[in-house]
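Asks: protein_10.pdb is reproduced in full below (PDB, C-alpha atoms).
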```pdb
ATOM      1  CA  MET A   1      -9.776  -8.379  14.039  1.00  0.00           C
ATOM      2  CA  TYR A   2     -11.498  -5.062  13.442  1.00  0.00           C
ATOM      3  CA  SER A   3     -11.505  -5.420   9.671  1.00  0.00           C
ATOM      4  CA  ALA A   4     -12.853  -8.984   9.843  1.00  0.00           C
ATOM      5  CA  SER A   5     -15.822  -7.943  11.997  1.00  0.00           C
ATOM      6  CA  ARG A   6     -16.404  -4.859   9.839  1.00  0.00           C
ATOM      7  CA  CYS A   7     -16.422  -7.070   6.739  1.00  0.00           C
ATOM      8  CA  GLY A   8     -19.050  -9.277   8.374  1.00  0.00           C
ATOM      9  CA  VAL A   9     -21.191  -6.280   9.260  1.00  0.00           C
ATOM     10  CA  ASN A  10     -20.929  -4.988   5.692  1.00  0.00           C
ATOM     11  CA  ALA A  11     -21.935  -8.379   4.302  1.00  0.00           C
ATOM     12  CA  TYR A  12     -24.916  -8.502   6.658  1.00  0.00           C
ATOM     13  CA  ALA A  13     -25.954  -4.996   5.594  1.00  0.00           C
ATOM     14  CA  ARG A  14     -25.669  -5.958   1.897  1.00  0.00           C
ATOM     15  CA  VAL A  15     -27.884  -9.002   2.420  1.00  0.00           C
ATOM     16  CA  GLY A  16     -30.453  -6.852   4.222  1.00  0.00           C
ATOM     17  CA  LEU A  17     -30.415  -4.289   1.431  1.00  0.00           C
ATOM     18  CA  GLU A  18     -30.662  -6.936  -1.292  1.00  0.00           C
ATOM     19  CA  THR A  19     -33.560  -8.605   0.508  1.00  0.00           C
ATOM     20  CA  GLY A  20     -35.292  -5.247   0.855  1.00  0.00           C
ATOM     21  CA  VAL A  21     -34.858  -4.522  -2.848  1.00  0.00           C
ATOM     22  CA  ILE A  22     -36.214  -7.915  -3.885  1.00  0.00           C
ATOM     23  CA  ALA A  23     -39.276  -7.551  -1.645  1.00  0.00           C
ATOM     24  CA  ALA A  24     -39.993  -3.908  -2.504  1.00  0.00           C
ATOM     25  CA  ASN A  25     -42.647  -2.616  -4.850  1.00  0.00           C
ATOM     26  CA  PRO A  26     -41.656   0.121  -7.333  1.00  0.00           C
ATOM     27  CA  HIS A  27     -42.826   2.852  -4.956  1.00  0.00           C
ATOM     28  CA  LYS A  28     -40.627   1.522  -2.143  1.00  0.00           C
ATOM     29  CA  LEU A  29     -37.659   1.195  -4.532  1.00  0.00           C
ATOM     30  CA  ILE A  30     -37.834   4.914  -5.312  1.00  0.00           C
ATOM     31  CA  LEU A  31     -37.951   5.666  -1.570  1.00  0.00           C
ATOM     32  CA  MET A  32     -34.862   3.504  -1.119  1.00  0.00           C
ATOM     33  CA  LEU A  33     -33.086   5.547  -3.804  1.00  0.00           C
ATOM     34  CA  PHE A  34     -33.973   8.774  -2.004  1.00  0.00           C
ATOM     35  CA  GLN A  35     -32.668   7.312   1.255  1.00  0.00           C
ATOM     36  CA  GLY A  36     -29.445   6.139  -0.388  1.00  0.00           C
ATOM     37  CA  ALA A  37     -28.867   9.571  -1.905  1.00  0.00           C
ATOM     38  CA  HIS A  38     -29.465  11.205   1.477  1.00  0.00           C
ATOM     39  CA  VAL A  39     -26.900   8.922   3.133  1.00  0.00           C
ATOM     40  CA  ALA A  40     -24.357   9.626   0.384  1.00  0.00           C
ATOM     41  CA  LEU A  41     -24.891  13.387   0.672  1.00  0.00           C
ATOM     42  CA  SER A  42     -24.550  13.309   4.469  1.00  0.00           C
ATOM     43  CA  SER A  43     -21.346  11.346   4.071  1.00  0.00           C
ATOM     44  CA  ALA A  44     -20.026  13.780   1.447  1.00  0.00           C
ATOM     45  CA  LEU A  45     -20.693  16.718   3.763  1.00  0.00           C
ATOM     46  CA  ALA A  46     -18.939  15.040   6.670  1.00  0.00           C
ATOM     47  CA  HIS A  47     -15.915  14.174   4.529  1.00  0.00           C
ATOM     48  CA  MET A  48     -15.813  17.673   3.058  1.00  0.00           C
ATOM     49  CA  LYS A  49     -15.791  19.230   6.523  1.00  0.00           C
ATOM     50  CA  THR A  50     -12.956  16.953   7.702  1.00  0.00           C
ATOM     51  CA  GLY A  51     -10.893  17.425   4.541  1.00  0.00           C
ATOM     52  CA  GLN A  52     -11.069  13.813   3.385  1.00  0.00           C
ATOM     53  CA  ILE A  53     -10.902  14.551  -0.338  1.00  0.00           C
ATOM     54  CA  THR A  54     -11.011  10.993  -1.688  1.00  0.00           C
ATOM     55  CA  ALA A  55     -13.890   9.898   0.544  1.00  0.00           C
ATOM     56  CA  LYS A  56     -15.779  13.117  -0.289  1.00  0.00           C
ATOM     57  CA  GLY A  57     -15.390  12.460  -4.007  1.00  0.00           C
ATOM     58  CA  GLU A  58     -16.583   8.876  -3.646  1.00  0.00           C
ATOM     59  CA  ALA A  59     -19.648   9.948  -1.660  1.00  0.00           C
ATOM     60  CA  VAL A  60     -20.512  12.700  -4.145  1.00  0.00           C
ATOM     61  CA  SER A  61     -20.070  10.255  -7.034  1.00  0.00           C
ATOM     62  CA  LYS A  62     -22.370   7.783  -5.310  1.00  0.00           C
ATOM     63  CA  ALA A  63     -25.039  10.464  -4.832  1.00  0.00           C
ATOM     64  CA  ILE A  64     -24.772  11.498  -8.483  1.00  0.00           C
ATOM     65  CA  ALA A  65     -25.080   7.862  -9.585  1.00  0.00           C
ATOM     66  CA  ILE A  66     -28.197   7.388  -7.470  1.00  0.00           C
ATOM     67  CA  ILE A  67     -29.742  10.564  -8.856  1.00  0.00           C
ATOM     68  CA  SER A  68     -28.864   9.990 -12.519  1.00  0.00           C
ATOM     69  CA  SER A  69     -28.838   6.193 -12.835  1.00  0.00           C
ATOM     70  CA  GLY A  70     -31.622   5.602 -10.329  1.00  0.00           C
ATOM     71  CA  LEU A  71     -34.086   8.441  -9.927  1.00  0.00           C
ATOM     72  CA  GLN A  72     -33.626  10.121 -13.306  1.00  0.00           C
ATOM     73  CA  ALA A  73     -33.408   6.828 -15.188  1.00  0.00           C
ATOM     74  CA  SER A  74     -36.719   5.726 -13.664  1.00  0.00           C
ATOM     75  CA  LEU A  75     -38.526   8.583 -15.394  1.00  0.00           C
ATOM     76  CA  ASP A  76     -40.399   7.991 -18.620  1.00  0.00           C
ATOM     77  CA  VAL A  77     -40.197  11.513 -20.005  1.00  0.00           C
ATOM     78  CA  GLU A  78     -42.302  10.764 -23.076  1.00  0.00           C
ATOM     79  CA  ALA A  79     -45.227   9.259 -21.165  1.00  0.00           C
ATOM     80  CA  GLY A  80     -44.869  11.451 -18.081  1.00  0.00           C
ATOM     81  CA  GLY A  81     -45.507  14.742 -19.758  1.00  0.00           C
ATOM     82  CA  GLU A  82     -44.551  18.046 -18.189  1.00  0.00           C
ATOM     83  CA  LEU A  83     -44.056  16.691 -14.665  1.00  0.00           C
ATOM     84  CA  ALA A  84     -41.569  14.055 -15.829  1.00  0.00           C
ATOM     85  CA  GLN A  85     -39.752  16.670 -17.931  1.00  0.00           C
ATOM     86  CA  GLN A  86     -39.490  19.005 -14.942  1.00  0.00           C
ATOM     87  CA  LEU A  87     -38.199  16.206 -12.707  1.00  0.00           C
ATOM     88  CA  ASN A  88     -35.691  15.250 -15.389  1.00  0.00           C
ATOM     89  CA  ALA A  89     -34.403  18.829 -15.541  1.00  0.00           C
ATOM     90  CA  LEU A  90     -34.263  18.994 -11.732  1.00  0.00           C
ATOM     91  CA  TYR A  91     -32.245  15.775 -11.530  1.00  0.00           C
ATOM     92  CA  GLU A  92     -29.829  17.129 -14.165  1.00  0.00           C
ATOM     93  CA  TYR A  93     -29.466  20.336 -12.146  1.00  0.00           C
ATOM     94  CA  MET A  94     -28.781  18.355  -8.959  1.00  0.00           C
ATOM     95  CA  SER A  95     -26.081  16.291 -10.640  1.00  0.00           C
ATOM     96  CA  ARG A  96     -24.372  19.423 -12.011  1.00  0.00           C
ATOM     97  CA  ARG A  97     -24.616  21.107  -8.623  1.00  0.00           C
ATOM     98  CA  LEU A  98     -22.977  18.125  -6.926  1.00  0.00           C
ATOM     99  CA  LEU A  99     -20.135  18.173  -9.462  1.00  0.00           C
ATOM    100  CA  GLU A 100     -19.591  21.847  -8.680  1.00  0.00           C
ATOM    101  CA  ALA A 101     -19.733  21.134  -4.938  1.00  0.00           C
ATOM    102  CA  ASN A 102     -17.086  18.471  -5.310  1.00  0.00           C
ATOM    103  CA  LEU A 103     -14.797  20.589  -7.492  1.00  0.00           C
ATOM    104  CA  HIS A 104     -15.041  23.771  -5.432  1.00  0.00           C
ATOM    105  CA  ASN A 105     -15.626  22.338  -1.940  1.00  0.00           C
ATOM    106  CA  LYS A 106     -18.986  24.049  -1.550  1.00  0.00           C
ATOM    107  CA  PRO A 107     -20.967  22.387   1.239  1.00  0.00           C
ATOM    108  CA  GLU A 108     -23.870  24.758   0.604  1.00  0.00           C
ATOM    109  CA  TYR A 109     -24.350  23.153  -2.832  1.00  0.00           C
ATOM    110  CA  ILE A 110     -24.599  19.702  -1.253  1.00  0.00           C
ATOM    111  CA  GLU A 111     -27.031  21.067   1.327  1.00  0.00           C
ATOM    112  CA  GLU A 112     -29.139  22.565  -1.470  1.00  0.00           C
ATOM    113  CA  VAL A 113     -29.353  19.227  -3.283  1.00  0.00           C
ATOM    114  CA  ALA A 114     -30.113  17.444  -0.007  1.00  0.00           C
ATOM    115  CA  ARG A 115     -32.970  19.880   0.641  1.00  0.00           C
ATOM    116  CA  LEU A 116     -34.396  19.405  -2.863  1.00  0.00           C
ATOM    117  CA  LEU A 117     -34.183  15.627  -2.610  1.00  0.00           C
ATOM    118  CA  GLY A 118     -35.735  15.790   0.853  1.00  0.00           C
ATOM    119  CA  GLU A 119     -38.740  17.674  -0.489  1.00  0.00           C
ATOM    120  CA  LEU A 120     -39.189  15.183  -3.324  1.00  0.00           C
ATOM    121  CA  SER A 121     -38.775  12.273  -0.935  1.00  0.00           C
ATOM    122  CA  GLU A 122     -41.397  13.654   1.450  1.00  0.00           C
ATOM    123  CA  ALA A 123     -43.856  14.063  -1.404  1.00  0.00           C
ATOM    124  CA  TRP A 124     -43.140  10.561  -2.673  1.00  0.00           C
ATOM    125  CA  GLU A 125     -43.510   9.141   0.838  1.00  0.00           C
ATOM    126  CA  ALA A 126     -46.832  10.957   1.309  1.00  0.00           C
ATOM    127  CA  ILE A 127     -48.134   9.284  -1.822  1.00  0.00           C
ATOM    128  CA  GLY A 128     -47.191   5.877  -0.442  1.00  0.00           C
ATOM    129  CA  SER A 129     -48.690   6.516   2.989  1.00  0.00           C
ATOM    130  CA  ARG A 130     -52.116   6.423   1.383  1.00  0.00           C
ATOM    131  CA  ILE A 131     -51.582   2.799   0.308  1.00  0.00           C
ATOM    132  CA  PRO A 132     -52.123   0.010   2.853  1.00  0.00           C
ATOM    133  CA  PRO A 133     -49.232  -2.521   2.742  1.00  0.00           C
ATOM    134  CA  ASP A 134     -51.405  -5.351   1.435  1.00  0.00           C
ATOM    135  CA  GLU A 135     -52.749  -3.501  -1.587  1.00  0.00           C
ATOM    136  CA  SER A 136     -52.664  -5.176  -4.980  1.00  0.00           C
ATOM    137  CA  ALA A 137     -50.767  -3.930  -8.017  1.00  0.00           C
ATOM    138  CA  GLU A 138     -53.904  -2.299  -9.418  1.00  0.00           C
ATOM    139  CA  GLN A 139     -54.358  -0.241  -6.268  1.00  0.00           C
ATOM    140  CA  ILE A 140     -50.664   0.664  -6.070  1.00  0.00           C
ATOM    141  CA  ASN A 141     -51.054   1.940  -9.626  1.00  0.00           C
ATOM    142  CA  SER A 142     -53.002   4.955  -8.426  1.00  0.00           C
ATOM    143  CA  SER A 143     -50.105   6.146  -6.242  1.00  0.00           C
ATOM    144  CA  VAL A 144     -47.375   5.947  -8.865  1.00  0.00           C
ATOM    145  CA  PRO A 145     -46.969   9.166 -10.834  1.00  0.00           C
ATOM    146  CA  PRO A 146     -47.885   8.819 -14.483  1.00  0.00           C
ATOM    147  CA  GLY A 147     -44.869   8.645 -16.712  1.00  0.00           C
ATOM    148  CA  SER A 148     -42.473   7.053 -14.261  1.00  0.00           C
ATOM    149  CA  ARG A 149     -41.030   3.707 -15.229  1.00  0.00           C
ATOM    150  CA  ALA A 150     -42.415   2.445 -11.933  1.00  0.00           C
ATOM    151  CA  ALA A 151     -45.849   3.385 -13.256  1.00  0.00           C
ATOM    152  CA  ASN A 152     -45.155   1.495 -16.471  1.00  0.00           C
ATOM    153  CA  ASP A 153     -44.172  -1.590 -14.445  1.00  0.00           C
ATOM    154  CA  PHE A 154     -47.744  -1.589 -13.182  1.00  0.00           C
ATOM    155  CA  GLY A 155     -49.250  -0.810 -16.563  1.00  0.00           C
ATOM    156  CA  GLN A 156     -49.914   2.868 -15.886  1.00  0.00           C
ATOM    157  CA  ALA A 157     -48.716   5.369 -18.474  1.00  0.00           C
TER     158      ALA A 157
END
```
Do you think you could lay out the structure here as structure tokens?

Replies:
Amino acid sequence: MYSASRCGVNAYARVGLETGVIAANPHKLILMLFQGAHVALSSALAHMKTGQITAKGEAVSKAIAIISSGLQASLDVEAGGELAQQLNALYEYMSRRLLEANLHNKPEYIEEVARLLGELSEAWEAIGSRIPPDESAEQINSSVPPGSRAANDFGQA
């Protein structure tokens, strides 16, 4: 009984997430990646503290995937100049740090990455707070950092 209701809740959550992704503009998609990474890091910390090795590894792997295949992959390093290059290097550092945290059971490394991602997320969110929800693509363009693939989706380079 428990697993059947849990399965239903998970399916409902997936539909909500998929709907949110479909409806989101590029700026909101990046915020969703930051949120997903935060959840994965919180989960990894909790599993690390309770000694659940497999679950910890899965959560760390999920955070690394979000950082490298989501946030880092959304950068256009060539068009983004120095800022995009610095973000790229920071994302690489975060991924390495999470690997070390997983291998050596270092919660302080996970906390460091969570703090760094939190700062980036706050900055990204502040950019979006200047855009009313009904703005057009041209107006959203001004809030997307040059050089990100999100910027290129709106024609900004």

Asks: Using the chain letters and numbers from this file, what does the PyMOL selection byres ((chain A and resi 52-67) around 12) select? Give the answer as a short mmCIF file (atom, residue, chain, number, x, y, z; two decimals) with C-alpha atoms, keeping the file's coordinate frame.

Replies:
```cif
data_model
loop_
_atom_site.label_atom_id
_atom_site.label_comp_id
_atom_site.auth_asym_id
_atom_site.auth_seq_id
_atom_site.Cartn_x
_atom_site.Cartn_y
_atom_site.Cartn_z
CA LEU A 29 -37.66 1.20 -4.53
CA ILE A 30 -37.83 4.91 -5.31
CA LEU A 31 -37.95 5.67 -1.57
CA MET A 32 -34.86 3.50 -1.12
CA LEU A 33 -33.09 5.55 -3.80
CA PHE A 34 -33.97 8.77 -2.00
CA GLN A 35 -32.67 7.31 1.25
CA GLY A 36 -29.44 6.14 -0.39
CA ALA A 37 -28.87 9.57 -1.90
CA HIS A 38 -29.46 11.20 1.48
CA VAL A 39 -26.90 8.92 3.13
CA ALA A 40 -24.36 9.63 0.38
CA LEU A 41 -24.89 13.39 0.67
CA SER A 42 -24.55 13.31 4.47
CA SER A 43 -21.35 11.35 4.07
CA ALA A 44 -20.03 13.78 1.45
CA LEU A 45 -20.69 16.72 3.76
CA ALA A 46 -18.94 15.04 6.67
CA HIS A 47 -15.92 14.17 4.53
CA MET A 48 -15.81 17.67 3.06
CA LYS A 49 -15.79 19.23 6.52
CA THR A 50 -12.96 16.95 7.70
CA GLY A 51 -10.89 17.42 4.54
CA SER A 68 -28.86 9.99 -12.52
CA SER A 69 -28.84 6.19 -12.84
CA GLY A 70 -31.62 5.60 -10.33
CA LEU A 71 -34.09 8.44 -9.93
CA GLN A 72 -33.63 10.12 -13.31
CA ALA A 73 -33.41 6.83 -15.19
CA SER A 74 -36.72 5.73 -13.66
CA LEU A 75 -38.53 8.58 -15.39
CA LEU A 87 -38.20 16.21 -12.71
CA ASN A 88 -35.69 15.25 -15.39
CA ALA A 89 -34.40 18.83 -15.54
CA LEU A 90 -34.26 18.99 -11.73
CA TYR A 91 -32.24 15.78 -11.53
CA GLU A 92 -29.83 17.13 -14.16
CA TYR A 93 -29.47 20.34 -12.15
CA MET A 94 -28.78 18.36 -8.96
CA SER A 95 -26.08 16.29 -10.64
CA ARG A 96 -24.37 19.42 -12.01
CA ARG A 97 -24.62 21.11 -8.62
CA LEU A 98 -22.98 18.12 -6.93
CA LEU A 99 -20.14 18.17 -9.46
CA GLU A 100 -19.59 21.85 -8.68
CA ALA A 101 -19.73 21.13 -4.94
CA ASN A 102 -17.09 18.47 -5.31
CA LEU A 103 -14.80 20.59 -7.49
CA HIS A 104 -15.04 23.77 -5.43
CA ASN A 105 -15.63 22.34 -1.94
CA LYS A 106 -18.99 24.05 -1.55
CA PRO A 107 -20.97 22.39 1.24
CA TYR A 109 -24.35 23.15 -2.83
CA ILE A 110 -24.60 19.70 -1.25
CA GLU A 111 -27.03 21.07 1.33
CA VAL A 113 -29.35 19.23 -3.28
CA ALA A 114 -30.11 17.44 -0.01
CA LEU A 116 -34.40 19.40 -2.86
CA LEU A 117 -34.18 15.63 -2.61
CA LEU A 120 -39.19 15.18 -3.32
#
```

Asks: For atom CA of A:Glu78 and atom CA of A:Gly118, determine how far apart the two atoms are, in Å to one decimal place.

Replies: 25.3 Å

Asks: Measure the distance from atom CA of A:Asn25 to atom CA of A:Gly81 in Å and round it to one decimal.

Replies: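 Interatomic distance here is 23.1 Å.
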
Asks: Quick check, in Å to one decimal: how far apart do atom CA of A:Ala84 and atom CA of A:Ser121 lie?

Replies: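 Pair atom CA of A:Ala84 / atom CA of A:Ser121 returns 15.3 Å.
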
Asks: Using all atoms of stretch 112-123 of chain A listed in the file and a margin of 4 Å per side, can you give the axis-aligned box centre and edge lengths in Å to one decimal, as AutoDock Vina command-line options?

Replies:
```
--center_x -36.5 --center_y 17.4 --center_z -0.9 --size_x 22.7 --size_y 18.3 --size_z 12.8
```

Asks: Using all atoms listed in the file for the distances, tell me which of A:Gln86, A:Arg130, A:Glu108, A:Glu125 is nearest to A:His27.

Replies: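 Smallest separation from A:His27 among the options: A:Glu125.
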